[in-house]
$ cat protein35.txt   # compact mmCIF, C-alpha atoms
# COMPACT_ATOMS: atom_id res chain seq x y z
CA MET A 1 -4.40 42.22 100.47
CA LEU A 2 -3.34 42.63 96.87
CA THR A 3 -0.32 44.70 96.06
CA ARG A 4 1.31 45.35 92.78
CA TRP A 5 4.27 43.09 92.15
CA GLN A 6 7.37 45.21 92.23
CA PRO A 7 10.31 43.01 91.43
CA LEU A 8 12.86 45.76 92.01
CA SER A 9 11.62 46.65 95.43
CA GLU A 10 11.60 42.98 96.36
CA ILE A 11 15.20 42.68 95.33
CA ARG A 12 15.98 45.77 97.32
CA THR A 13 14.34 44.31 100.41
CA GLU A 14 16.32 41.13 99.95
CA MET A 15 19.52 43.09 99.53
CA ASN A 16 18.82 45.04 102.69
CA ARG A 17 18.13 41.85 104.56
CA LEU A 18 21.39 40.39 103.33
CA GLN A 19 23.25 43.52 104.30
CA ASN A 20 21.74 43.44 107.77
CA GLU A 21 22.70 39.80 108.14
CA MET A 22 26.26 40.59 107.11
CA ASN A 23 26.44 43.52 109.50
CA ARG A 24 25.14 41.37 112.29
CA LEU A 25 27.72 38.73 111.51
CA ILE A 26 30.53 41.24 111.38
CA SER A 27 29.50 42.95 114.57
CA ARG A 28 29.39 39.58 116.28
CA PHE A 29 32.99 38.98 115.28
CA ASP A 30 33.85 42.40 116.63
CA LEU A 31 32.40 41.47 119.96
CA GLY A 32 34.49 38.39 120.25
CA ASP A 33 37.56 40.36 119.36
CA ALA A 34 39.54 41.87 122.20
CA MET A 35 39.63 45.12 120.29
CA ALA A 36 35.88 45.42 120.12
CA VAL A 37 36.15 49.09 120.85
CA ALA A 38 38.63 49.85 118.13
CA THR A 39 37.12 48.10 115.13
CA GLY A 40 35.11 50.76 113.42
CA ALA A 41 32.89 51.47 116.36
CA THR A 42 33.10 55.09 117.35
CA TYR A 43 33.78 54.93 121.02
CA PRO A 44 33.15 56.83 123.12
CA ALA A 45 29.97 58.37 121.79
CA LEU A 46 30.05 62.12 122.28
CA ASN A 47 27.52 64.80 122.93
CA VAL A 48 28.46 68.38 122.21
CA CYS A 49 26.56 71.32 123.55
CA GLU A 50 27.27 75.00 123.98
CA THR A 51 26.42 78.05 125.98
CA ASP A 52 27.36 81.57 124.92
CA GLU A 53 30.66 81.22 126.76
CA CYS A 54 31.68 77.59 126.43
CA LEU A 55 31.49 74.38 124.50
CA PHE A 56 30.89 71.20 126.44
CA VAL A 57 31.88 67.78 125.18
CA GLU A 58 30.47 64.85 127.11
CA ALA A 59 31.15 61.15 126.94
CA GLU A 60 30.14 58.15 128.97
CA LEU A 61 33.26 56.36 130.19
CA PRO A 62 32.19 54.20 133.10
CA GLY A 63 34.94 52.74 135.23
CA MET A 64 37.63 55.03 133.92
CA GLN A 65 39.83 57.52 135.75
CA LEU A 66 41.07 60.80 134.35
CA ASP A 67 44.58 59.38 134.52
CA ASP A 68 43.59 56.66 132.05
CA LEU A 69 42.60 59.30 129.51
CA GLU A 70 44.63 61.55 127.30
CA ILE A 71 42.78 64.59 126.16
CA TYR A 72 44.33 67.09 123.81
CA ALA A 73 42.97 70.26 122.35
CA ASN A 74 45.10 71.91 119.69
CA GLY A 75 45.20 75.32 118.11
CA SER A 76 43.22 74.28 115.05
CA ASN A 77 40.17 73.42 117.13
CA GLN A 78 40.65 69.72 117.17
CA LEU A 79 40.01 67.71 120.26
CA SER A 80 41.34 64.24 120.73
CA ILE A 81 40.42 61.74 123.40
CA GLN A 82 42.43 58.58 123.86
CA GLY A 83 42.43 55.91 126.45
CA GLU A 84 42.18 52.30 127.26
CA ARG A 85 39.56 50.40 129.10
CA LYS A 86 41.02 47.42 130.85
CA GLN A 87 39.51 44.01 130.66
CA LEU A 88 37.94 42.73 133.81
CA ALA A 89 40.13 40.19 135.56
CA VAL A 90 37.88 37.44 136.81
CA GLY A 91 40.35 34.78 137.77
CA SER A 92 38.76 31.39 137.89
CA GLY A 93 35.20 32.47 137.17
CA THR A 94 32.99 31.43 134.28
CA TRP A 95 31.44 34.09 132.06
CA HIS A 96 27.69 34.07 131.74
CA ARG A 97 27.59 37.31 129.85
CA GLN A 98 30.17 39.67 128.52
CA GLU A 99 28.72 42.83 127.08
CA ARG A 100 30.99 45.53 128.37
CA GLY A 101 33.65 46.45 125.86
CA TYR A 102 37.31 46.95 126.53
CA GLY A 103 40.42 47.87 124.64
CA GLN A 104 42.05 51.00 123.34
CA PHE A 105 40.08 53.79 121.83
CA SER A 106 40.76 57.17 120.35
CA ARG A 107 38.66 59.86 118.82
CA LEU A 108 39.68 62.99 117.03
CA PHE A 109 37.16 65.54 115.97
CA GLU A 110 36.80 69.11 114.98
CA LEU A 111 35.10 71.51 117.33
CA PRO A 112 32.32 73.64 115.92
CA SER A 113 33.79 76.93 117.12
CA ASP A 114 37.13 78.51 118.05
CA VAL A 115 38.19 77.59 121.54
CA ASP A 116 40.87 78.73 123.92
CA ALA A 117 42.97 75.59 124.22
CA ASP A 118 44.63 76.85 127.42
CA GLY A 119 41.41 77.09 129.37
CA VAL A 120 40.18 73.56 128.75
CA GLN A 121 39.00 71.67 131.81
CA ALA A 122 37.98 68.04 132.08
CA THR A 123 36.02 66.36 134.84
CA LEU A 124 35.03 62.76 135.21
CA LYS A 125 32.18 62.10 137.57
CA ASP A 126 30.19 58.89 137.98
CA GLY A 127 31.63 57.64 134.72
CA VAL A 128 30.65 60.72 132.72
CA LEU A 129 33.39 62.82 131.20
CA THR A 130 32.71 66.50 130.68
CA ILE A 131 35.22 68.64 128.86
CA GLN A 132 34.63 72.34 129.15
CA LEU A 133 36.19 74.43 126.40
CA PRO A 134 35.93 78.19 126.70
CA LYS A 135 35.18 79.89 123.41
CA ARG A 136 37.63 82.40 122.09
CA GLU A 137 36.53 85.99 122.39
CA GLU A 138 35.94 86.33 118.66
CA ALA A 139 33.82 83.17 118.55
CA LYS A 140 31.38 84.25 121.23
CA ALA A 141 27.89 85.16 120.19
CA ARG A 142 27.38 88.85 119.99
CA ARG A 143 24.08 90.51 119.97
CA ILE A 144 23.77 92.88 117.08
CA ALA A 145 21.84 95.99 117.84
CA VAL A 146 19.49 96.96 115.08
CA LYS A 147 19.08 100.66 114.84
CA ALA A 148 15.87 102.22 113.82
CA GLU A 149 16.21 104.72 111.05
CA MET B 1 25.66 49.39 111.11
CA GLU B 2 24.75 48.93 114.68
CA THR B 3 28.07 48.85 116.43
CA ALA B 4 28.88 46.77 119.41
CA MET B 5 29.40 49.83 121.53
CA ALA B 6 26.29 51.82 120.76
CA LYS B 7 24.02 52.55 123.64
CA LYS B 8 20.91 50.46 123.44
CA SER B 9 17.51 51.76 124.34
CA SER B 10 15.25 49.19 125.89
CA SER B 11 12.60 48.07 123.54
CA ASP B 12 11.49 44.99 125.37
CA SER B 13 7.77 44.84 124.90
CA THR B 14 7.28 42.42 127.77
CA GLN B 15 8.59 45.04 130.15
CA VAL B 16 6.09 46.66 132.44
CA GLU B 17 5.52 50.31 131.72
CA ARG B 18 6.70 52.91 134.13
CA THR B 19 4.96 56.09 135.11
CA ARG B 20 7.96 58.30 134.42
CA ASN B 21 8.22 59.33 130.84
CA GLY B 22 11.40 59.32 128.80
CA VAL B 23 13.77 56.91 127.12
CA THR B 24 15.23 54.11 129.17
CA TYR B 25 18.49 52.44 128.25
CA THR B 26 19.69 48.91 128.72
CA PRO B 27 22.98 48.94 130.57
CA ARG B 28 25.78 46.67 129.38
CA ILE B 29 26.36 43.95 131.90
CA ASP B 30 28.99 41.31 132.52
CA ILE B 31 28.08 38.34 134.67
CA VAL B 32 30.68 36.02 136.09
CA GLU B 33 30.03 32.92 138.09
CA LYS B 34 32.52 31.98 140.75
CA ASP B 35 32.43 29.06 143.13
CA ASP B 36 30.70 30.98 145.87
CA GLU B 37 28.84 33.75 144.07
CA LEU B 38 27.52 35.28 140.91
CA THR B 39 29.03 38.67 140.28
CA LEU B 40 27.42 41.18 138.02
CA TYR B 41 29.23 44.20 136.61
CA GLY B 42 27.20 46.91 134.95
CA ASP B 43 28.04 50.14 133.16
CA LEU B 44 25.71 52.80 134.49
CA PRO B 45 27.35 56.11 133.66
CA GLY B 46 25.76 59.08 135.35
CA VAL B 47 24.02 57.05 138.03
CA THR B 48 24.76 57.93 141.65
CA ARG B 49 24.31 55.79 144.73
CA ASP B 50 21.14 57.66 145.68
CA SER B 51 19.53 57.34 142.29
CA LEU B 52 20.08 53.61 142.02
CA ASP B 53 17.51 51.05 143.00
CA ILE B 54 18.35 47.36 143.07
CA GLN B 55 15.85 44.74 144.09
CA PHE B 56 15.89 41.01 144.33
CA GLU B 57 12.53 39.41 144.57
CA ASN B 58 11.21 36.08 143.50
CA ARG B 59 14.50 35.18 141.79
CA GLU B 60 14.34 38.33 139.79
CA LEU B 61 17.04 40.95 140.07
CA THR B 62 16.05 44.38 138.85
CA ILE B 63 18.38 47.30 138.43
CA HIS B 64 16.99 50.74 137.90
CA GLY B 65 19.26 53.77 137.78
CA LYS B 66 17.89 57.23 137.36
CA VAL B 67 19.98 59.68 135.40
CA ARG B 68 19.39 63.37 135.64
CA PRO B 69 19.84 65.47 132.53
CA ARG B 70 23.27 66.98 132.90
CA GLN B 71 23.01 70.66 132.25
CA ARG B 72 20.31 73.20 131.97
CA ASP B 73 20.63 76.12 129.65
CA GLU B 74 22.83 74.83 126.86
CA ARG B 75 22.08 74.07 123.25
CA TYR B 76 22.97 70.68 121.82
CA LEU B 77 25.10 70.73 118.71
CA TYR B 78 25.63 66.99 118.27
CA ALA B 79 24.18 64.13 120.18
CA GLU B 80 25.64 60.70 119.57
CA TYR B 81 24.06 59.16 122.62
CA GLY B 82 20.95 59.75 124.59
CA VAL B 83 20.76 60.42 128.28
CA GLY B 84 18.14 58.60 130.25
CA ASP B 85 17.47 56.06 132.95
CA PHE B 86 18.94 52.59 132.95
CA TYR B 87 16.84 49.55 133.55
CA ARG B 88 17.49 45.86 133.43
CA ALA B 89 16.08 42.74 135.03
CA PHE B 90 17.47 39.23 135.24
CA THR B 91 16.00 35.97 136.36
CA ILE B 92 18.59 34.26 138.49
CA GLY B 93 18.50 30.51 138.18
CA GLN B 94 20.79 29.65 141.05
CA GLU B 95 19.78 29.60 144.67
CA ILE B 96 20.96 32.89 146.11
CA ASP B 97 21.48 33.73 149.73
CA THR B 98 19.33 36.86 149.55
CA ALA B 99 20.37 38.19 152.96
CA LYS B 100 23.97 38.47 151.82
CA ILE B 101 23.49 40.28 148.51
CA SER B 102 25.66 43.37 148.34
CA ALA B 103 26.42 46.02 145.75
CA GLU B 104 28.94 48.76 145.14
CA LEU B 105 28.90 51.63 142.69
CA SER B 106 31.97 53.56 141.71
CA ASP B 107 32.69 55.75 138.68
CA GLY B 108 29.52 54.62 137.03
CA VAL B 109 30.28 50.91 137.36
CA LEU B 110 27.97 48.82 139.45
CA VAL B 111 29.12 45.56 141.01
CA VAL B 112 26.50 43.27 142.53
CA HIS B 113 27.53 40.24 144.54
CA LEU B 114 24.98 37.46 144.66
CA PRO B 115 26.34 34.83 147.05
CA LYS B 116 25.14 31.34 146.39
CA ALA B 117 23.09 29.60 149.03
CA ASP B 118 25.09 26.99 150.94
CA ALA B 119 23.01 24.19 149.48
CA VAL B 120 24.20 24.85 145.94
CA LYS B 121 27.85 25.63 146.54
CA PRO B 122 30.08 23.06 144.93
CA ARG B 123 31.48 20.64 147.41
CA ARG B 124 34.37 18.43 146.79
CA ILE B 125 33.53 14.87 147.62
CA GLU B 126 36.26 12.92 149.21
CA VAL B 127 36.63 9.53 147.70
CA LYS B 128 37.65 7.06 150.30
CA ALA B 129 39.71 4.09 149.50
CA GLY B 130 37.53 1.01 149.75
$ encode --input "protein35.txt" --output "structure tokens"
Amino acid sequence: MLTRWQPLSEIRTEMNRLQNEMNRLISRFDLGDAMAVATGATYPALNVCETDECLFVEAELPGMQLDDLEIYANGSNQLSIQGERKQLAVGSGTWHRQERGYGQFSRLFELPSDVDADGVQATLKDGVLTIQLPKREEAKARRIAVKAE
Amino acid sequence: METAMAKKSSSDSTQVERTRNGVTYTPRIDIVEKDDELTLYGDLPGVTRDSLDIQFENRELTIHGKVRPRQRDERYLYAEYGVGDFYRAFTIGQEIDTAKISAELSDGVLVVHLPKADAVKPRRIEVKAG
């Protein structure tokens, strides 16, 4: 098939390819590094959902206990999660594969609505962390009645 | 940039299709070989003992963990990871004593012990003085 020669787009494709190669190279170094979790990778990944009453923040943290985690919610609606995932001690074994990350991690992010920091609850079940944050009274959705004239 | 920690969805085209719809993820797995067994550690967050299916057949180990969507009536504001089943299969080269395979699951971490068959366990050979 004949296509018009577009030198710029070819350069762009090449540049993208190069960038991908570099990223791949860098991420491979990250993997070898003990601090794989800390180097730029946002870990843990978070899902945030809400009901009328509460916000829920969820993260997958397999193998961790609540005691290994430090979770703070402050008055300015920021939530921080910190912890450390320990490296597996294998003794005299030989690694065939090592894909599970370990190391220290921390995330700080702003919550999308005002929450009552005192009522925050966290549960960790089957490696899934769920943080329940009750919304402050003024942040709750209110139904506005529309009056007919 | 695809980070080392991002959850990977399985996109292996050689994989057989399943009847259940939805995205399937590839769990991260560590495999360690010891003198007497191969031990496999997998991150399967959200999988419970009842929703996990492990099979070893024809030198192939398959791990399939079903994950139920977590809540019902909420609205998602951000989603940085997807929730779905986990699936992975390995061809195990070593001779495994299939009767003695065992597995544990705790806090979303699966540990599978694949004991080596006696025939392939390393044996130290005594060298006698001639």
$ atom_distance --input "protein35.txt" --atom1 "atom CA of Ala73 of chain A" --atom2 "atom CA of Asp116 of chain A"
8.9 Å
$ atom_distance --input "protein35.txt" --atom1 "atom CA of Pro45 of chain B" --atom2 "atom CA of Phe90 of chain B"
19.6 Å
$ atom_distance --input "protein35.txt" --atom1 "atom CA of Leu46 of chain A" --atom2 "atom CA of Thr62 of chain B"
28.0 Å
$ interface_residues --input "protein35.txt" --of "chain A" --to "chain B" --cutoff "7 Å" --atoms "all atoms listed in the file" --output "VMD selection string"
chain A and resid 23 27 31 37 41 43 45 to 51 60 to 64 92 to 101 125 to 128
$ closest_residue --input "protein35.txt" --among "A:Ser76, A:Phe105, A:Gln132, A:Ile71" --to "Phe56 of chain A" --atoms "all atoms listed in the file"
A:Gln132
$ build_atoms --input "protein35.txt" --residues "segment 43-70 of chain B" --atoms "N, CA and C atoms" --output "short mmCIF file (atom, residue, chain, number, x, y, z; two decimals), in the frame of the given file"
data_model
loop_
_atom_site.label_atom_id
_atom_site.label_comp_id
_atom_site.auth_asym_id
_atom_site.auth_seq_id
_atom_site.Cartn_x
_atom_site.Cartn_y
_atom_site.Cartn_z
N ASP B 43 27.65 48.76 133.49
CA ASP B 43 28.04 50.14 133.16
C ASP B 43 26.81 51.03 133.29
N LEU B 44 26.84 51.89 134.29
CA LEU B 44 25.71 52.80 134.49
C LEU B 44 26.24 54.23 134.63
N PRO B 45 26.78 54.77 133.55
CA PRO B 45 27.35 56.11 133.66
C PRO B 45 26.30 57.15 134.02
N GLY B 46 26.67 58.01 134.95
CA GLY B 46 25.76 59.08 135.35
C GLY B 46 24.84 58.73 136.50
N VAL B 47 24.89 57.47 136.93
CA VAL B 47 24.02 57.05 138.03
C VAL B 47 24.80 57.23 139.34
N THR B 48 24.13 57.79 140.33
CA THR B 48 24.76 57.93 141.65
C THR B 48 24.15 56.90 142.59
N ARG B 49 24.76 56.77 143.75
CA ARG B 49 24.31 55.79 144.73
C ARG B 49 22.84 56.04 145.11
N ASP B 50 22.50 57.32 145.24
CA ASP B 50 21.14 57.66 145.68
C ASP B 50 20.10 57.43 144.60
N SER B 51 20.53 57.45 143.35
CA SER B 51 19.53 57.34 142.29
C SER B 51 19.45 55.91 141.75
N LEU B 52 20.06 54.99 142.48
CA LEU B 52 20.08 53.61 142.02
C LEU B 52 19.19 52.73 142.89
N ASP B 53 18.41 51.91 142.26
CA ASP B 53 17.51 51.05 143.00
C ASP B 53 17.73 49.62 142.52
N ILE B 54 18.13 48.76 143.43
CA ILE B 54 18.35 47.36 143.07
C ILE B 54 17.44 46.52 143.95
N GLN B 55 16.73 45.60 143.31
CA GLN B 55 15.85 44.74 144.09
C GLN B 55 16.03 43.30 143.68
N PHE B 56 15.86 42.44 144.63
CA PHE B 56 15.89 41.01 144.33
C PHE B 56 14.64 40.42 144.94
N GLU B 57 13.79 39.94 144.08
CA GLU B 57 12.53 39.41 144.57
C GLU B 57 12.13 38.27 143.67
N ASN B 58 11.75 37.18 144.29
CA ASN B 58 11.21 36.08 143.50
C ASN B 58 12.19 35.65 142.40
N ARG B 59 13.45 35.56 142.72
CA ARG B 59 14.50 35.18 141.79
C ARG B 59 14.72 36.19 140.69
N GLU B 60 14.13 37.34 140.82
CA GLU B 60 14.34 38.33 139.79
C GLU B 60 15.13 39.52 140.35
N LEU B 61 16.21 39.82 139.67
CA LEU B 61 17.04 40.95 140.07
C LEU B 61 16.72 42.11 139.14
N THR B 62 16.31 43.23 139.71
CA THR B 62 16.05 44.38 138.85
C THR B 62 16.98 45.51 139.25
N ILE B 63 17.47 46.19 138.23
CA ILE B 63 18.38 47.30 138.43
C ILE B 63 17.75 48.49 137.74
N HIS B 64 17.57 49.54 138.49
CA HIS B 64 16.99 50.74 137.90
C HIS B 64 17.80 51.94 138.36
N GLY B 65 18.45 52.59 137.45
CA GLY B 65 19.26 53.77 137.78
C GLY B 65 18.68 54.99 137.12
N LYS B 66 18.44 55.99 137.94
CA LYS B 66 17.89 57.23 137.36
C LYS B 66 19.05 58.15 137.01
N VAL B 67 18.94 58.76 135.85
CA VAL B 67 19.98 59.68 135.40
C VAL B 67 19.34 61.04 135.17
N ARG B 68 19.91 62.03 135.82
CA ARG B 68 19.39 63.37 135.64
C ARG B 68 20.01 63.99 134.40
N PRO B 69 19.23 64.76 133.66
CA PRO B 69 19.84 65.47 132.53
C PRO B 69 20.97 66.34 133.05
N ARG B 70 22.06 66.42 132.30
CA ARG B 70 23.27 66.98 132.90
C ARG B 70 23.33 68.48 133.08
#
